[in-house]
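Visitor: Quick one: the structure is below, and I'll ask about it shortly.
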Amino acid sequence: IGRSGMSILFHKHREELEKIYPKIYIERIKNRIADRLPLAEMENAPFYRTTAMVCLEEGGLLAGLWNLGDREDAGLKVYAERLKYDQETIELSNHFNLNPLEINSSGAYLMAADRGEELVYALRNTGIDAVCIGEVTGDKKRVIIFDDEERFLESPLYKDIK
C-alpha cells in the first residue's frame with residue numbers, strides 16, 4: 001500500500017534521504033520501489049552481475065526491449081522460441097487480433113546479467129518463473145529471431161505515429 005507515493009517521494013527527495021539514512025537502507029528502498037522483485041533476490045542481483053532491469057508495463061515485451069536497448073545504448077537479440085506465453089494469452093490475442101508481445105505485461109521484468117542462466121536458475125529456485133530470452137549485442141540492432149528470420153523491433157513511439 002502506498003508504494004507509488006513512496007516512490008515519488010523517494011525520487012523527489014533522494015539526495016536529502018541519502019544524507020539521513022545509511023546507504024544499505026537507501027539501496028533497499030530503491031530496489032523495492034523501482035523493481036518490485038523480492039528483496040532477497042535484489043540483494044543477490046550483483047552476484048549475477050545484473051546490469052539492468054526494466055519493469056514491463058504498457059506496450060508489453062516489445063516496448064520493454066526497446067526501452068532496455070535505449071537505456072543501455074545496446075543492441076538486443078531475442079529468440080522467439082524461448083518466450084513463454086499462457087495459452088489463454090495466445091487465444092485472446094488471436095481473438096482480438098493483438099500481438100501478444102505488445103500486451104501490457106505489468107508484473108514482469110527484463111533483466112540483463114552477465115551470468116543470466118545462473119540468475120534464471122536462482123529465480124526459479126525461489127518460485128519466480130524466469131527464462132533467458134536472448135542476449136545483449138555490441139551493435140545497435142534490436143531483433144527478434146523467429147526460426148531463421150530476423151525481425152527488427154520498432155520504437156513504441158514510432159508505432160503510435162502510424
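Simple scheme: letters A, B, ... for chains in C-alpha cells order, numbers from 1 for residues in each chain, numbers from 1 for ligands in the order shown.
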For Ile103 in chain A, work out the shell of residues within 8 Å, counting only C-alpha atoms and skipping chain neighbours fewer than 4 positions away, then give it as a PyMOL selection string.
Guide: chain A and resi 58-61+98-99
Visitor: Quote the spacing between CA of Gly75 in chain A and CA of Gly138 in chain A in Å to one decimal place.
Guide: 6.0 Å
Visitor: Where does DSSP see strand (DSSP E) in range 78-145 of chain A, if you list the residues as a PyMOL selection string?
Guide: chain A and resi 78-79+109-113+134-137+142-145
Visitor: Looking at only C-alpha atoms, which of A:Ala63, A:Leu153, A:Leu76, A:Val136 is the one that sits closest to Ser106 in chain A?
Guide: A:Ala63
Visitor: Out of A:Phe47, A:Ile26, A:Glu102, A:Glu88, which residue has the shortest atom-to-atom distance to Trp66 in chain A when counting only C-alpha atoms?
Guide: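 The shortest atom-to-atom distance to Trp66 in chain A comes from A:Glu102.
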Visitor: Leaving out Ala80 in chain A and any residue of its chain fewer than 5 positions from it, which residues lie within 9 Å of it when counting only C-alpha atoms, given as number ranges by chain?
Guide: A: 133-134, 144-147
Visitor: Would you mind exporting the chosen residues as a short mmCIF file (atom, residue, chain, number, x, y, z; two decimals), in the first residue's frame, restricted to all heavy atoms?
Guide:
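out-v5.cif written:
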data_model
loop_
_atom_site.label_atom_id
_atom_site.label_comp_id
_atom_site.auth_asym_id
_atom_site.auth_seq_id
_atom_site.Cartn_x
_atom_site.Cartn_y
_atom_site.Cartn_z
N ILE A 133 15.88 -15.10 -22.46
CA ILE A 133 15.26 -14.98 -23.78
C ILE A 133 16.21 -14.50 -24.85
O ILE A 133 15.86 -14.50 -26.03
CB ILE A 133 14.02 -14.08 -23.76
CG1 ILE A 133 14.37 -12.64 -23.38
CG2 ILE A 133 12.95 -14.65 -22.84
CD1 ILE A 133 13.25 -11.64 -23.58
N GLY A 134 17.40 -14.06 -24.49
CA GLY A 134 18.30 -13.55 -25.52
C GLY A 134 19.58 -13.01 -24.94
O GLY A 134 20.02 -13.41 -23.86
N ILE A 144 14.30 -9.75 -33.04
CA ILE A 144 13.74 -11.00 -32.53
C ILE A 144 13.95 -12.03 -33.63
O ILE A 144 13.62 -11.77 -34.80
CB ILE A 144 12.26 -10.88 -32.17
CG1 ILE A 144 12.06 -9.87 -31.04
CG2 ILE A 144 11.70 -12.23 -31.75
CD1 ILE A 144 10.63 -9.71 -30.58
N ILE A 145 14.48 -13.17 -33.27
CA ILE A 145 14.73 -14.24 -34.22
C ILE A 145 13.56 -15.22 -34.19
O ILE A 145 13.29 -15.83 -33.16
CB ILE A 145 16.04 -15.00 -33.89
CG1 ILE A 145 17.21 -14.03 -33.68
CG2 ILE A 145 16.33 -16.06 -34.93
CD1 ILE A 145 17.61 -13.26 -34.90
N PHE A 146 12.85 -15.33 -35.30
CA PHE A 146 11.78 -16.32 -35.49
C PHE A 146 12.32 -17.35 -36.46
O PHE A 146 12.49 -17.04 -37.64
CB PHE A 146 10.52 -15.66 -36.07
CG PHE A 146 9.84 -14.71 -35.13
CD1 PHE A 146 10.18 -13.36 -35.11
CD2 PHE A 146 8.85 -15.15 -34.27
CE1 PHE A 146 9.55 -12.48 -34.25
CE2 PHE A 146 8.21 -14.27 -33.40
CZ PHE A 146 8.56 -12.94 -33.40
N ASP A 147 12.60 -18.55 -35.97
CA ASP A 147 13.26 -19.58 -36.77
C ASP A 147 14.56 -19.00 -37.32
O ASP A 147 15.45 -18.70 -36.57
CB ASP A 147 12.33 -20.12 -37.86
CG ASP A 147 11.10 -20.80 -37.26
OD1 ASP A 147 11.25 -21.52 -36.25
OD2 ASP A 147 9.99 -20.58 -37.78
#
Visitor: Determine which residues of range 31-135 of chain A DSSP labels as helix (DSSP H, G or I) from the backbone of this structure, then write them out as a PyMOL selection string.
Guide: chain A and resi 31-34+39-48+60-72+80-82+87-95+100-102+116-125
Visitor: Keeping only N, CA and C atoms, write the selected residues as a compact mmCIF listing (two decimals), in the first residue's frame.
Guide:
# COMPACT_ATOMS: atom_id res chain seq x y z
N ASN A 31 15.61 -0.49 -4.55
CA ASN A 31 15.32 -1.78 -5.18
C ASN A 31 13.86 -2.19 -4.98
N ARG A 32 13.36 -1.99 -3.83
CA ARG A 32 11.98 -2.39 -3.54
C ARG A 32 11.00 -1.54 -4.34
N ILE A 33 11.29 -0.27 -4.46
CA ILE A 33 10.38 0.63 -5.18
C ILE A 33 10.48 0.43 -6.69
N ALA A 34 11.68 0.50 -7.21
CA ALA A 34 11.85 0.51 -8.66
C ALA A 34 11.57 -0.84 -9.29
N LEU A 39 12.92 -8.75 -2.29
CA LEU A 39 14.13 -8.07 -1.82
C LEU A 39 15.33 -9.01 -1.76
N ALA A 40 15.11 -10.24 -1.34
CA ALA A 40 16.23 -11.19 -1.24
C ALA A 40 16.90 -11.38 -2.60
N GLU A 41 16.13 -11.44 -3.66
CA GLU A 41 16.72 -11.61 -4.99
C GLU A 41 17.44 -10.35 -5.43
N MET A 42 16.91 -9.19 -5.08
CA MET A 42 17.58 -7.95 -5.46
C MET A 42 18.92 -7.81 -4.74
N GLU A 43 18.98 -8.25 -3.51
CA GLU A 43 20.25 -8.18 -2.78
C GLU A 43 21.29 -9.09 -3.41
N ASN A 44 20.84 -10.18 -4.06
CA ASN A 44 21.76 -11.11 -4.70
C ASN A 44 22.06 -10.77 -6.16
N ALA A 45 21.32 -9.83 -6.73
CA ALA A 45 21.50 -9.49 -8.14
C ALA A 45 22.94 -9.13 -8.50
N PRO A 46 23.67 -8.38 -7.65
CA PRO A 46 25.06 -8.08 -8.00
C PRO A 46 25.92 -9.34 -8.17
N PHE A 47 25.59 -10.40 -7.45
CA PHE A 47 26.34 -11.65 -7.57
C PHE A 47 26.29 -12.18 -9.00
N TYR A 48 25.16 -12.00 -9.66
CA TYR A 48 24.99 -12.46 -11.04
C TYR A 48 25.38 -11.39 -12.04
N GLY A 60 4.01 -3.84 -23.44
CA GLY A 60 4.47 -5.21 -23.25
C GLY A 60 5.95 -5.42 -23.45
N LEU A 61 6.28 -6.62 -23.87
CA LEU A 61 7.68 -7.02 -24.03
C LEU A 61 8.39 -6.18 -25.08
N LEU A 62 7.73 -5.88 -26.19
CA LEU A 62 8.41 -5.12 -27.24
C LEU A 62 8.83 -3.73 -26.75
N ALA A 63 7.95 -3.05 -26.04
CA ALA A 63 8.30 -1.73 -25.50
C ALA A 63 9.42 -1.87 -24.47
N GLY A 64 9.34 -2.91 -23.64
CA GLY A 64 10.38 -3.13 -22.65
C GLY A 64 11.74 -3.38 -23.28
N LEU A 65 11.76 -4.18 -24.33
CA LEU A 65 13.02 -4.44 -25.02
C LEU A 65 13.58 -3.16 -25.62
N TRP A 66 12.72 -2.38 -26.24
CA TRP A 66 13.17 -1.12 -26.84
C TRP A 66 13.75 -0.21 -25.77
N ASN A 67 13.03 -0.10 -24.65
CA ASN A 67 13.49 0.77 -23.56
C ASN A 67 14.80 0.28 -22.96
N LEU A 68 14.95 -1.01 -22.82
CA LEU A 68 16.20 -1.58 -22.31
C LEU A 68 17.35 -1.25 -23.25
N GLY A 69 17.14 -1.43 -24.55
CA GLY A 69 18.17 -1.11 -25.53
C GLY A 69 18.55 0.36 -25.50
N ASP A 70 17.53 1.24 -25.38
CA ASP A 70 17.80 2.68 -25.28
C ASP A 70 18.60 3.01 -24.04
N ARG A 71 18.15 2.48 -22.91
CA ARG A 71 18.78 2.81 -21.64
C ARG A 71 20.23 2.34 -21.59
N GLU A 72 20.49 1.16 -22.15
CA GLU A 72 21.84 0.60 -22.11
C GLU A 72 22.66 0.96 -23.34
N ALA A 80 12.66 -16.01 -30.26
CA ALA A 80 11.21 -16.17 -30.09
C ALA A 80 10.84 -17.50 -29.45
N GLU A 81 11.56 -18.56 -29.76
CA GLU A 81 11.21 -19.88 -29.21
C GLU A 81 11.40 -19.95 -27.70
N ARG A 82 12.14 -19.01 -27.12
CA ARG A 82 12.36 -19.01 -25.67
C ARG A 82 11.25 -18.26 -24.90
N GLN A 87 -1.50 -20.16 -22.60
CA GLN A 87 -2.37 -20.48 -23.74
C GLN A 87 -3.51 -19.47 -23.85
N GLU A 88 -4.02 -19.02 -22.71
CA GLU A 88 -5.10 -18.03 -22.73
C GLU A 88 -4.67 -16.72 -23.39
N THR A 89 -3.43 -16.35 -23.19
CA THR A 89 -2.92 -15.13 -23.82
C THR A 89 -2.92 -15.28 -25.33
N ILE A 90 -2.48 -16.43 -25.80
CA ILE A 90 -2.46 -16.68 -27.24
C ILE A 90 -3.89 -16.67 -27.80
N GLU A 91 -4.79 -17.34 -27.08
CA GLU A 91 -6.18 -17.41 -27.55
C GLU A 91 -6.80 -16.02 -27.65
N LEU A 92 -6.68 -15.24 -26.60
CA LEU A 92 -7.28 -13.91 -26.62
C LEU A 92 -6.59 -12.98 -27.62
N SER A 93 -5.29 -13.10 -27.75
CA SER A 93 -4.57 -12.30 -28.74
C SER A 93 -5.08 -12.60 -30.14
N ASN A 94 -5.27 -13.88 -30.42
CA ASN A 94 -5.80 -14.26 -31.73
C ASN A 94 -7.22 -13.75 -31.91
N HIS A 95 -8.03 -13.89 -30.87
CA HIS A 95 -9.43 -13.48 -30.96
C HIS A 95 -9.57 -11.99 -31.23
N PRO A 100 0.68 -10.58 -28.95
CA PRO A 100 0.92 -10.87 -27.53
C PRO A 100 2.19 -10.22 -27.00
N LEU A 101 3.10 -9.86 -27.87
CA LEU A 101 4.33 -9.19 -27.44
C LEU A 101 4.10 -7.73 -27.09
N GLU A 102 2.92 -7.19 -27.45
CA GLU A 102 2.63 -5.78 -27.19
C GLU A 102 1.59 -5.58 -26.09
N GLY A 116 23.43 -14.67 -16.78
CA GLY A 116 21.99 -14.76 -16.94
C GLY A 116 21.39 -16.12 -16.63
N GLU A 117 22.00 -17.17 -17.12
CA GLU A 117 21.45 -18.52 -16.89
C GLU A 117 21.48 -18.86 -15.40
N GLU A 118 22.53 -18.45 -14.70
CA GLU A 118 22.61 -18.70 -13.26
C GLU A 118 21.55 -17.90 -12.52
N LEU A 119 21.31 -16.66 -12.95
CA LEU A 119 20.27 -15.83 -12.35
C LEU A 119 18.90 -16.47 -12.56
N VAL A 120 18.64 -16.97 -13.77
CA VAL A 120 17.37 -17.64 -14.05
C VAL A 120 17.19 -18.83 -13.11
N TYR A 121 18.23 -19.61 -12.94
CA TYR A 121 18.17 -20.78 -12.05
C TYR A 121 17.86 -20.36 -10.61
N ALA A 122 18.51 -19.30 -10.15
CA ALA A 122 18.28 -18.82 -8.78
C ALA A 122 16.85 -18.31 -8.62
N LEU A 123 16.35 -17.58 -9.60
CA LEU A 123 14.97 -17.09 -9.53
C LEU A 123 13.98 -18.23 -9.52
N ARG A 124 14.21 -19.22 -10.36
CA ARG A 124 13.31 -20.38 -10.39
C ARG A 124 13.32 -21.12 -9.06
N ASN A 125 14.47 -21.20 -8.41
CA ASN A 125 14.55 -21.87 -7.12
C ASN A 125 13.78 -21.15 -6.02
Visitor: Using Å and a single decimal, report how far CA of Ala130 in chain A sits from CA of Lys84 in chain A.
Guide: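 Between these atoms lies a distance of 9.3 Å.
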Visitor: Which residues come within 9 Å of Met111 in chain A, counting only C-alpha atoms, excluding same-chain residues fewer than 2 positions away, as a list in words?
Guide: Thr50, Thr51, Ala52, Met53, Val54, Cys55, Leu68, Tyr109, Ala113 and Gly116 of chain A
Visitor: Could you dump the residues just selected with C-alpha atoms as a compact mmCIF listing (two decimals), in the first residue's frame?
Guide:
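Saved the output as out_25.txt:
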# COMPACT_ATOMS: atom_id res chain seq x y z
CA THR A 50 22.91 -7.84 -13.12
CA THR A 51 23.48 -4.69 -15.14
CA ALA A 52 19.95 -3.55 -15.97
CA MET A 53 16.33 -4.14 -15.13
CA VAL A 54 13.18 -2.90 -16.85
CA CYS A 55 9.67 -3.26 -15.46
CA LEU A 68 16.20 -1.58 -22.31
CA TYR A 109 10.64 -7.74 -15.76
CA ALA A 113 23.03 -10.03 -16.37
CA GLY A 116 21.99 -14.76 -16.94
Visitor: For CA of Lys23 in chain A and CA of Phe10 in chain A, determine how far apart the two atoms are, in Å to one decimal place.
Guide: 13.6 Å
